[in-house]
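Chemist: Pasting a structure here, questions to come.
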Amino acid sequence: MDDHDRNEIKRISAESSADKIIVTHGTDTLHVTARHLAEIKSKVIILTGALKPERLRDSDADFNLGMAVGAVQCLPNGVYIALCGQVTPWNAFTPR
């Protein structure tokens with residue numbers, strides 16, 4: 001994932017007619033992509049990922065995605081990160 005990819009995600013999100021968007025993403029640079037998306041003010045955007053990939057036993061991917069699906073329906077416009085049982089505004093997220 002580099003800035004070209006982030007700009008493409010930003011463009012697609014901004015141009016989408018959807019006002020609620022979930023982006024699945026690797027957890028290492030999730031917060032960097034969230035910062036790129038923060039300029040989009042008219043939508044709810046949630047980025048989520050997993051500490052253990054979906055293909056591994058006991059992955060948190062299903063839980064995190066389910067949490068994002070629930071949260072995207074009731075949050076005010078903004079960019080959020082859904083991980084580890086918490087939904088956090090992107091600018092309050094602390095990477096582990």
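The way I read the labels, and the way they are meant: chains A, B, ... in the order of the structure tokens, residue 1 as the first residue of every chain, and ligand 1 as the first ligand shown, with later ones counted on from there.
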Would you pick out the contacts of range 23-40 of chain A at 9 Å or less, using only C-alpha atoms, so that residues sharing its chain but fewer than 4 positions from it are not included, and give the list as an MDAnalysis selection string?

Modeler: chainID A and resid 1:3 5:7 9:10 13:14 44:51 65 77:81 83 90:91 93:96

Chemist: Using only N, CA and C atoms, please write the residues we just selected to a file, as a compact mmCIF listing (two decimals), in the first residue's frame.

Modeler:
```txt
# COMPACT_ATOMS: atom_id res chain seq x y z
N MET A 1 0.86 -1.17 0.00
CA MET A 1 0.00 0.00 0.00
C MET A 1 0.90 1.23 0.00
N ASP A 2 0.71 2.06 -0.98
CA ASP A 2 1.49 3.30 -1.05
C ASP A 2 0.53 4.47 -1.30
N ASP A 3 1.08 5.67 -1.44
CA ASP A 3 0.23 6.85 -1.61
C ASP A 3 -0.60 6.78 -2.89
N ASP A 5 -2.00 4.06 -4.08
CA ASP A 5 -3.15 3.23 -3.69
C ASP A 5 -4.11 4.03 -2.81
N ARG A 6 -3.56 4.78 -1.87
CA ARG A 6 -4.40 5.58 -0.97
C ARG A 6 -5.20 6.63 -1.74
N ASN A 7 -4.55 7.26 -2.69
CA ASN A 7 -5.25 8.26 -3.50
C ASN A 7 -6.36 7.63 -4.32
N ILE A 9 -8.09 4.88 -3.43
CA ILE A 9 -9.17 4.60 -2.48
C ILE A 9 -9.93 5.88 -2.16
N LYS A 10 -9.21 6.97 -1.99
CA LYS A 10 -9.84 8.26 -1.70
C LYS A 10 -10.72 8.71 -2.86
N SER A 13 -13.83 6.46 -3.06
CA SER A 13 -14.74 6.76 -1.94
C SER A 13 -15.46 8.09 -2.16
N ALA A 14 -14.72 9.09 -2.59
CA ALA A 14 -15.33 10.42 -2.80
C ALA A 14 -16.35 10.40 -3.93
N VAL A 44 -19.68 8.43 6.06
CA VAL A 44 -19.13 7.63 7.15
C VAL A 44 -18.22 6.60 6.49
N ILE A 45 -16.95 6.63 6.85
CA ILE A 45 -15.98 5.68 6.30
C ILE A 45 -15.31 4.97 7.47
N ILE A 46 -15.35 3.65 7.45
CA ILE A 46 -14.70 2.85 8.49
C ILE A 46 -13.67 1.95 7.84
N LEU A 47 -12.47 2.00 8.37
CA LEU A 47 -11.40 1.10 7.94
C LEU A 47 -11.28 0.00 9.00
N THR A 48 -11.12 -1.22 8.55
CA THR A 48 -10.97 -2.33 9.47
C THR A 48 -10.01 -3.35 8.89
N GLY A 49 -9.49 -4.18 9.73
CA GLY A 49 -8.56 -5.22 9.32
C GLY A 49 -8.55 -6.29 10.40
N ALA A 50 -7.44 -7.01 10.47
CA ALA A 50 -7.34 -8.08 11.46
C ALA A 50 -5.88 -8.21 11.91
N LEU A 51 -5.72 -8.47 13.18
CA LEU A 51 -4.38 -8.73 13.68
C LEU A 51 -3.88 -10.09 13.22
N LEU A 65 -14.96 -6.97 11.11
CA LEU A 65 -15.83 -6.60 9.99
C LEU A 65 -17.28 -6.46 10.47
N ASN A 77 -21.02 11.40 10.17
CA ASN A 77 -20.01 11.46 9.11
C ASN A 77 -18.62 11.64 9.71
N GLY A 78 -17.66 10.95 9.09
CA GLY A 78 -16.28 11.01 9.54
C GLY A 78 -15.58 9.73 9.16
N VAL A 79 -14.30 9.65 9.51
CA VAL A 79 -13.48 8.48 9.22
C VAL A 79 -13.13 7.81 10.54
N TYR A 80 -13.34 6.50 10.59
CA TYR A 80 -13.16 5.73 11.82
C TYR A 80 -12.33 4.48 11.54
N ILE A 81 -11.77 3.94 12.62
CA ILE A 81 -11.05 2.67 12.55
C ILE A 81 -11.72 1.70 13.51
N LEU A 83 -11.22 -1.84 15.21
CA LEU A 83 -10.29 -2.91 15.54
C LEU A 83 -10.41 -3.27 17.02
N TRP A 90 -10.49 8.33 13.43
CA TRP A 90 -9.16 8.07 12.88
C TRP A 90 -8.08 8.87 13.62
N ASN A 91 -8.37 10.09 14.02
CA ASN A 91 -7.34 10.94 14.62
C ASN A 91 -7.15 10.67 16.11
N PHE A 93 -6.95 7.31 17.03
CA PHE A 93 -6.45 5.94 16.99
C PHE A 93 -4.95 5.92 17.27
N THR A 94 -4.55 5.00 18.14
CA THR A 94 -3.13 4.82 18.43
C THR A 94 -2.70 3.46 17.89
N PRO A 95 -1.84 3.45 16.86
CA PRO A 95 -1.37 2.15 16.33
C PRO A 95 -0.63 1.35 17.39
N ARG A 96 -0.78 0.05 17.31
CA ARG A 96 -0.09 -0.83 18.28
C ARG A 96 1.26 -1.23 17.78
```

Chemist: As a list of chain:residue names, which residues of chain A does DSSP assign to strand (DSSP E)?

Modeler: A:Lys20, A:Ile21, A:Ile22, A:Val23, A:Thr24, A:Val44, A:Ile45, A:Ile46, A:Leu47, A:Thr48, A:Gly78, A:Val79, A:Tyr80, A:Ile81, A:Ala82, A:Leu83, A:Gln86, A:Val87, A:Thr88, A:Pro89
